[in-house]
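For reference, run08.pdb (PDB, C-alpha atoms, pLDDT in the B column):
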```pdb
ATOM      1  CA  MET A   1       0.952  -1.716 -21.888  1.00 82.00           C
ATOM      2  CA  ASN A   2       3.292  -0.104 -24.432  1.00 89.00           C
ATOM      3  CA  GLU A   3       3.892   2.772 -22.009  1.00 91.00           C
ATOM      4  CA  PHE A   4       6.006   0.361 -19.896  1.00 95.00           C
ATOM      5  CA  GLU A   5       8.382  -0.422 -22.796  1.00 95.00           C
ATOM      6  CA  PRO A   6      11.199   1.822 -21.391  1.00 95.00           C
ATOM      7  CA  LEU A   7      11.356  -0.468 -18.319  1.00 97.00           C
ATOM      8  CA  ILE A   8      11.753  -3.741 -20.227  1.00 97.00           C
ATOM      9  CA  GLY A   9      15.188  -5.282 -19.694  1.00 98.00           C
ATOM     10  CA  GLU A  10      17.673  -6.380 -17.059  1.00 98.00           C
ATOM     11  CA  TRP A  11      18.714  -4.008 -14.294  1.00 98.00           C
ATOM     12  CA  HIS A  12      21.159  -3.802 -11.387  1.00 98.00           C
ATOM     13  CA  ALA A  13      19.822  -1.831  -8.426  1.00 97.00           C
ATOM     14  CA  GLU A  14      21.612  -0.217  -5.498  1.00 96.00           C
ATOM     15  CA  GLY A  15      20.338   1.708  -2.521  1.00 94.00           C
ATOM     16  CA  GLU A  16      20.616   2.160   1.219  1.00 93.00           C
ATOM     17  CA  ILE A  17      18.083   1.722   3.993  1.00 89.00           C
ATOM     18  CA  PRO A  18      18.790   4.424   6.620  1.00 89.00           C
ATOM     19  CA  ILE A  19      18.915   2.312   9.777  1.00 88.00           C
ATOM     20  CA  GLU A  20      21.784   1.892  12.239  1.00 91.00           C
ATOM     21  CA  PRO A  21      24.025   0.689  10.799  1.00 91.00           C
ATOM     22  CA  PRO A  22      22.827   1.560   7.281  1.00 90.00           C
ATOM     23  CA  MET A  23      21.816  -1.480   5.211  1.00 89.00           C
ATOM     24  CA  GLN A  24      23.105  -1.617   1.653  1.00 91.00           C
ATOM     25  CA  ILE A  25      20.668  -2.861  -0.992  1.00 92.00           C
ATOM     26  CA  SER A  26      21.969  -4.633  -4.065  1.00 95.00           C
ATOM     27  CA  GLU A  27      19.679  -6.566  -6.372  1.00 96.00           C
ATOM     28  CA  GLU A  28      19.400  -7.960  -9.845  1.00 97.00           C
ATOM     29  CA  ALA A  29      16.063  -7.162 -11.464  1.00 98.00           C
ATOM     30  CA  LYS A  30      14.370  -8.213 -14.671  1.00 98.00           C
ATOM     31  CA  ILE A  31      11.323  -6.566 -16.244  1.00 98.00           C
ATOM     32  CA  GLU A  32       9.822  -8.545 -19.102  1.00 98.00           C
ATOM     33  CA  ARG A  33       6.646  -9.058 -21.077  1.00 97.00           C
ATOM     34  CA  LEU A  34       4.418 -12.079 -20.554  1.00 96.00           C
ATOM     35  CA  GLY A  35       1.784 -11.672 -23.249  1.00 94.00           C
ATOM     36  CA  GLU A  36      -0.270  -8.630 -22.236  1.00 94.00           C
ATOM     37  CA  LEU A  37       1.310  -8.542 -18.748  1.00 97.00           C
ATOM     38  CA  ILE A  38       4.617  -7.288 -17.363  1.00 98.00           C
ATOM     39  CA  VAL A  39       6.643  -9.411 -14.905  1.00 98.00           C
ATOM     40  CA  PHE A  40       9.036  -7.580 -12.558  1.00 98.00           C
ATOM     41  CA  SER A  41      11.328  -9.924 -10.602  1.00 98.00           C
ATOM     42  CA  ALA A  42      14.140  -8.985  -8.233  1.00 97.00           C
ATOM     43  CA  VAL A  43      16.719 -11.075  -6.392  1.00 97.00           C
ATOM     44  CA  ALA A  44      18.496  -9.290  -3.538  1.00 93.00           C
ATOM     45  CA  LYS A  45      22.023  -9.982  -2.346  1.00 88.00           C
ATOM     46  CA  ALA A  46      21.430  -9.151   1.350  1.00 79.00           C
ATOM     47  CA  ALA A  47      19.511 -11.823   3.249  1.00 78.00           C
ATOM     48  CA  GLU A  48      17.460  -9.116   4.997  1.00 83.00           C
ATOM     49  CA  VAL A  49      16.096  -7.794   1.706  1.00 87.00           C
ATOM     50  CA  PRO A  50      13.412 -10.080   0.244  1.00 91.00           C
ATOM     51  CA  ASP A  51      13.388 -11.489  -3.269  1.00 95.00           C
ATOM     52  CA  SER A  52      10.192 -10.462  -5.050  1.00 96.00           C
ATOM     53  CA  ILE A  53       8.022 -10.840  -8.101  1.00 98.00           C
ATOM     54  CA  SER A  54       5.277  -8.536  -9.348  1.00 97.00           C
ATOM     55  CA  ILE A  55       2.713  -9.047 -12.086  1.00 98.00           C
ATOM     56  CA  ILE A  56       1.603  -5.797 -13.748  1.00 98.00           C
ATOM     57  CA  GLY A  57      -1.456  -5.384 -15.944  1.00 97.00           C
ATOM     58  CA  GLY A  58      -5.139  -6.082 -16.344  1.00 95.00           C
ATOM     59  CA  ALA A  59      -6.609  -2.575 -16.456  1.00 95.00           C
ATOM     60  CA  PRO A  60      -7.800  -0.879 -19.661  1.00 94.00           C
ATOM     61  CA  HIS A  61      -5.153   0.883 -21.756  1.00 90.00           C
ATOM     62  CA  GLY A  62      -4.337   4.379 -20.478  1.00 89.00           C
ATOM     63  CA  GLU A  63      -5.402   3.678 -16.877  1.00 94.00           C
ATOM     64  CA  PRO A  64      -3.131   2.954 -13.893  1.00 96.00           C
ATOM     65  CA  GLN A  65      -2.250  -0.733 -13.946  1.00 96.00           C
ATOM     66  CA  PRO A  66      -2.592  -3.084 -10.961  1.00 96.00           C
ATOM     67  CA  MET A  67       0.731  -4.441  -9.686  1.00 96.00           C
ATOM     68  CA  HIS A  68       0.383  -7.648  -7.657  1.00 95.00           C
ATOM     69  CA  TYR A  69       3.505  -7.952  -5.457  1.00 94.00           C
ATOM     70  CA  PHE A  70       4.745 -11.108  -3.709  1.00 94.00           C
ATOM     71  CA  ASP A  71       7.999 -11.583  -1.789  1.00 93.00           C
ATOM     72  CA  SER A  72      10.069 -14.256  -0.064  1.00 93.00           C
ATOM     73  CA  ARG A  73       8.779 -13.211   3.390  1.00 89.00           C
ATOM     74  CA  GLY A  74       5.266 -14.234   2.362  1.00 89.00           C
ATOM     75  CA  VAL A  75       4.165 -10.613   1.974  1.00 87.00           C
ATOM     76  CA  LYS A  76       1.634  -9.850  -0.742  1.00 88.00           C
ATOM     77  CA  ARG A  77       0.398  -6.410  -1.686  1.00 88.00           C
ATOM     78  CA  LEU A  78      -1.644  -4.752  -4.366  1.00 90.00           C
ATOM     79  CA  TYR A  79      -0.161  -1.578  -5.790  1.00 92.00           C
ATOM     80  CA  MET A  80      -1.097   0.568  -8.769  1.00 94.00           C
ATOM     81  CA  THR A  81       1.545   1.758 -11.227  1.00 97.00           C
ATOM     82  CA  THR A  82       1.945   4.177 -14.131  1.00 97.00           C
ATOM     83  CA  LEU A  83       4.723   5.221 -16.451  1.00 96.00           C
ATOM     84  CA  ALA A  84       4.076   8.658 -17.927  1.00 94.00           C
ATOM     85  CA  GLY A  85       6.909  10.215 -19.890  1.00 93.00           C
ATOM     86  CA  SER A  86      10.016   9.582 -17.797  1.00 96.00           C
ATOM     87  CA  THR A  87       8.187   9.242 -14.454  1.00 97.00           C
ATOM     88  CA  TRP A  88       7.436   5.795 -13.010  1.00 97.00           C
ATOM     89  CA  LYS A  89       5.063   5.775 -10.038  1.00 97.00           C
ATOM     90  CA  ILE A  90       3.915   2.934  -7.789  1.00 96.00           C
ATOM     91  CA  TRP A  91       1.431   3.417  -4.949  1.00 92.00           C
ATOM     92  CA  ARG A  92      -0.736   1.318  -2.678  1.00 85.00           C
ATOM     93  CA  ALA A  93      -4.086   0.457  -4.222  1.00 73.00           C
ATOM     94  CA  PRO A  94      -7.007   2.305  -2.590  1.00 68.00           C
ATOM     95  CA  GLY A  95      -8.926   0.201  -0.066  1.00 67.00           C
ATOM     96  CA  GLU A  96      -6.315  -2.563  -0.097  1.00 65.00           C
ATOM     97  CA  ASP A  97      -5.540  -4.270   3.203  1.00 61.00           C
ATOM     98  CA  TRP A  98      -2.008  -3.224   4.068  1.00 55.00           C
ATOM     99  CA  ASN A  99       0.471  -5.957   4.892  1.00 55.00           C
ATOM    100  CA  GLY A 100       3.220  -3.563   5.884  1.00 55.00           C
ATOM    101  CA  PRO A 101       4.934  -2.380   9.027  1.00 53.00           C
ATOM    102  CA  PRO A 102       2.641  -1.813  12.011  1.00 50.00           C
ATOM    103  CA  GLY A 103       1.620   1.662  13.052  1.00 47.00           C
ATOM    104  CA  PRO A 104      -1.167   4.098  12.324  1.00 44.00           C
ATOM    105  CA  GLY A 105      -1.202   5.700   8.926  1.00 47.00           C
ATOM    106  CA  PHE A 106       1.804   3.910   7.411  1.00 56.00           C
ATOM    107  CA  ASN A 107       1.609   4.221   3.649  1.00 77.00           C
ATOM    108  CA  GLN A 108       4.194   3.708   0.905  1.00 84.00           C
ATOM    109  CA  ARG A 109       4.844   4.846  -2.664  1.00 92.00           C
ATOM    110  CA  PHE A 110       7.664   4.812  -5.220  1.00 96.00           C
ATOM    111  CA  ASN A 111       8.783   7.577  -7.563  1.00 97.00           C
ATOM    112  CA  GLY A 112      11.386   6.952 -10.240  1.00 98.00           C
ATOM    113  CA  GLU A 113      12.816   9.150 -12.974  1.00 98.00           C
ATOM    114  CA  ILE A 114      14.173   7.470 -16.091  1.00 98.00           C
ATOM    115  CA  SER A 115      17.207   9.175 -17.604  1.00 98.00           C
ATOM    116  CA  ALA A 116      16.972  10.599 -21.139  1.00 97.00           C
ATOM    117  CA  ASP A 117      19.162   7.760 -22.476  1.00 97.00           C
ATOM    118  CA  GLY A 118      17.028   5.111 -20.694  1.00 96.00           C
ATOM    119  CA  LYS A 119      20.032   3.620 -18.896  1.00 98.00           C
ATOM    120  CA  THR A 120      19.227   4.628 -15.306  1.00 98.00           C
ATOM    121  CA  ILE A 121      16.222   5.067 -13.050  1.00 98.00           C
ATOM    122  CA  GLU A 122      16.754   7.336 -10.049  1.00 98.00           C
ATOM    123  CA  GLY A 123      14.191   6.108  -7.551  1.00 97.00           C
ATOM    124  CA  ARG A 124      13.019   6.446  -3.995  1.00 97.00           C
ATOM    125  CA  TRP A 125      10.474   4.709  -1.832  1.00 94.00           C
ATOM    126  CA  GLU A 126       8.597   7.151   0.387  1.00 92.00           C
ATOM    127  CA  ARG A 127       6.478   6.490   3.433  1.00 86.00           C
ATOM    128  CA  GLY A 128       3.439   8.391   4.563  1.00 81.00           C
ATOM    129  CA  MET A 129       3.369   8.900   8.290  1.00 77.00           C
ATOM    130  CA  GLY A 130       0.957  10.524  10.693  1.00 68.00           C
ATOM    131  CA  ASP A 131      -2.637   9.678  11.470  1.00 67.00           C
ATOM    132  CA  ASP A 132      -3.743  10.119   7.854  1.00 66.00           C
ATOM    133  CA  GLY A 133      -0.564   8.694   6.279  1.00 65.00           C
ATOM    134  CA  GLU A 134      -0.156  11.771   4.106  1.00 72.00           C
ATOM    135  CA  GLU A 135       2.987  13.289   5.645  1.00 80.00           C
ATOM    136  CA  TRP A 136       5.561  11.951   3.170  1.00 86.00           C
ATOM    137  CA  GLU A 137       9.245  11.334   3.865  1.00 89.00           C
ATOM    138  CA  ILE A 138      11.908   9.310   2.059  1.00 91.00           C
ATOM    139  CA  ASP A 139      11.917   5.695   3.237  1.00 90.00           C
ATOM    140  CA  PHE A 140      14.975   4.751   1.169  1.00 93.00           C
ATOM    141  CA  PRO A 141      16.545   5.651  -2.195  1.00 96.00           C
ATOM    142  CA  ILE A 142      17.171   2.967  -4.821  1.00 96.00           C
ATOM    143  CA  ASP A 143      18.642   3.464  -8.263  1.00 98.00           C
ATOM    144  CA  TYR A 144      18.456   1.068 -11.222  1.00 98.00           C
ATOM    145  CA  PHE A 145      21.185   0.716 -13.856  1.00 98.00           C
ATOM    146  CA  ARG A 146      20.478  -1.030 -17.166  1.00 98.00           C
ATOM    147  CA  LYS A 147      22.714  -4.037 -17.752  1.00 97.00           C
TER
END
```
Conversion result in structure tokens:
Amino acid sequence: MNEFEPLIGEWHAEGEIPIEPPMQISEEAKIERLGELIVFSAVAKAAEVPDSISIIGGAPHGEPQPMHYFDSRGVKRLYMTTLAGSTWKIWRAPGEDWNGPPGPGFNQRFNGEISADGKTIEGRWERGMGDDGEEWEIDFPIDYFRK
């Protein structure tokens, strides 16, 4: 789990969901160790954006780690996550029942790039559309700033 060390700390996040009118995202996030696990918690300022907590870990060292996600809407999901170099990736676990928006082929993943000084993460959630869910487009950008 040492590969996740660059994420450990307190973060402020900002982004925008492209709906009409656009919805601003502002949240306070904390990523911390809990023994051999990582806990990622986020509290959003907009009522429409859920608070969440994720527990990361449990796979052998060097493999993608499971990320169990829970939020204030009652949504729970299983993602996989890796941090390789400066690239943080989160994606839906294969074969997992999807508790996301309705529609054929909806899929979701996150890509984040950590700055060289470790003070920012430029991120974006993407959604896979189409019958196979493999036509990717940006769902919404979100950037994290170390506090």
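For the choices A:Arg109, A:Arg92, A:Lys45, A:Lys119, the atom-to-atom distance to Met23 (chain A) is smallest for A:Lys45 when using all atoms listed in the file.
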So what do you get for CA of Ile17 (chain A) versus CA of Lys30 (chain A), distance-wise?
->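 Computing it gives 21.5 Å between the two atoms.
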Determine the residue membership of the PyMOL selection byres ((chain A and resi 51-66) around 9) for the file above and supply it as a PyMOL selection string.
-> chain A and resi 1-3+27+36-45+47+49-50+67-73+78-83+93
Measuring atom to atom with only C-alpha atoms, identify which of A:Glu135, A:Thr120, A:Ala84, A:Gly15 is nearest to Asn107 (chain A).
-> A:Glu135
Return the single residue from A:Asp117, A:Ala46, A:Gln108, A:Glu20 that is closest to Asp139 (chain A), with distances computed using only C-alpha atoms.
->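 Once distances to Asp139 (chain A) are computed over only C-alpha atoms, the minimum belongs to A:Gln108.
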I would like the residues chosen by the PyMOL selection byres ((chain A and resi 85) around 12) on the shown file; could you give them as a PDB file with C-alpha atoms, keeping the file's coordinate frame?
```pdb
ATOM      1  CA  ASN A   2       3.292  -0.104 -24.432  1.00 89.00           C
ATOM      2  CA  GLU A   3       3.892   2.772 -22.009  1.00 91.00           C
ATOM      3  CA  PHE A   4       6.006   0.361 -19.896  1.00 95.00           C
ATOM      4  CA  GLU A   5       8.382  -0.422 -22.796  1.00 95.00           C
ATOM      5  CA  PRO A   6      11.199   1.822 -21.391  1.00 95.00           C
ATOM      6  CA  LEU A   7      11.356  -0.468 -18.319  1.00 97.00           C
ATOM      7  CA  THR A  82       1.945   4.177 -14.131  1.00 97.00           C
ATOM      8  CA  LEU A  83       4.723   5.221 -16.451  1.00 96.00           C
ATOM      9  CA  ALA A  84       4.076   8.658 -17.927  1.00 94.00           C
ATOM     10  CA  SER A  86      10.016   9.582 -17.797  1.00 96.00           C
ATOM     11  CA  THR A  87       8.187   9.242 -14.454  1.00 97.00           C
ATOM     12  CA  TRP A  88       7.436   5.795 -13.010  1.00 97.00           C
ATOM     13  CA  LYS A  89       5.063   5.775 -10.038  1.00 97.00           C
ATOM     14  CA  GLY A 112      11.386   6.952 -10.240  1.00 98.00           C
ATOM     15  CA  GLU A 113      12.816   9.150 -12.974  1.00 98.00           C
ATOM     16  CA  ILE A 114      14.173   7.470 -16.091  1.00 98.00           C
ATOM     17  CA  SER A 115      17.207   9.175 -17.604  1.00 98.00           C
ATOM     18  CA  ALA A 116      16.972  10.599 -21.139  1.00 97.00           C
ATOM     19  CA  GLY A 118      17.028   5.111 -20.694  1.00 96.00           C
TER      20      GLY A 118
END
```
Within 7 Å of file point (15.8, -1.4, -17.1), counting all atoms listed in the file, expressed as a list of chain:residue names = A:Leu7, A:Ile8, A:Gly9, A:Glu10, A:Trp11, A:Ile31, A:Lys119, A:Tyr144, A:Phe145, A:Arg146
CA of Glu28 (chain A) to CA of Glu126 (chain A), distance in Å rounded to a single decimal |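 Going from CA of Glu28 (chain A) over to CA of Glu126 (chain A), I get 21.2 Å.
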CA of Pro18 (chain A) to CA of Lys147 (chain A): how many Å, to one decimal?
-> 26.1 Å
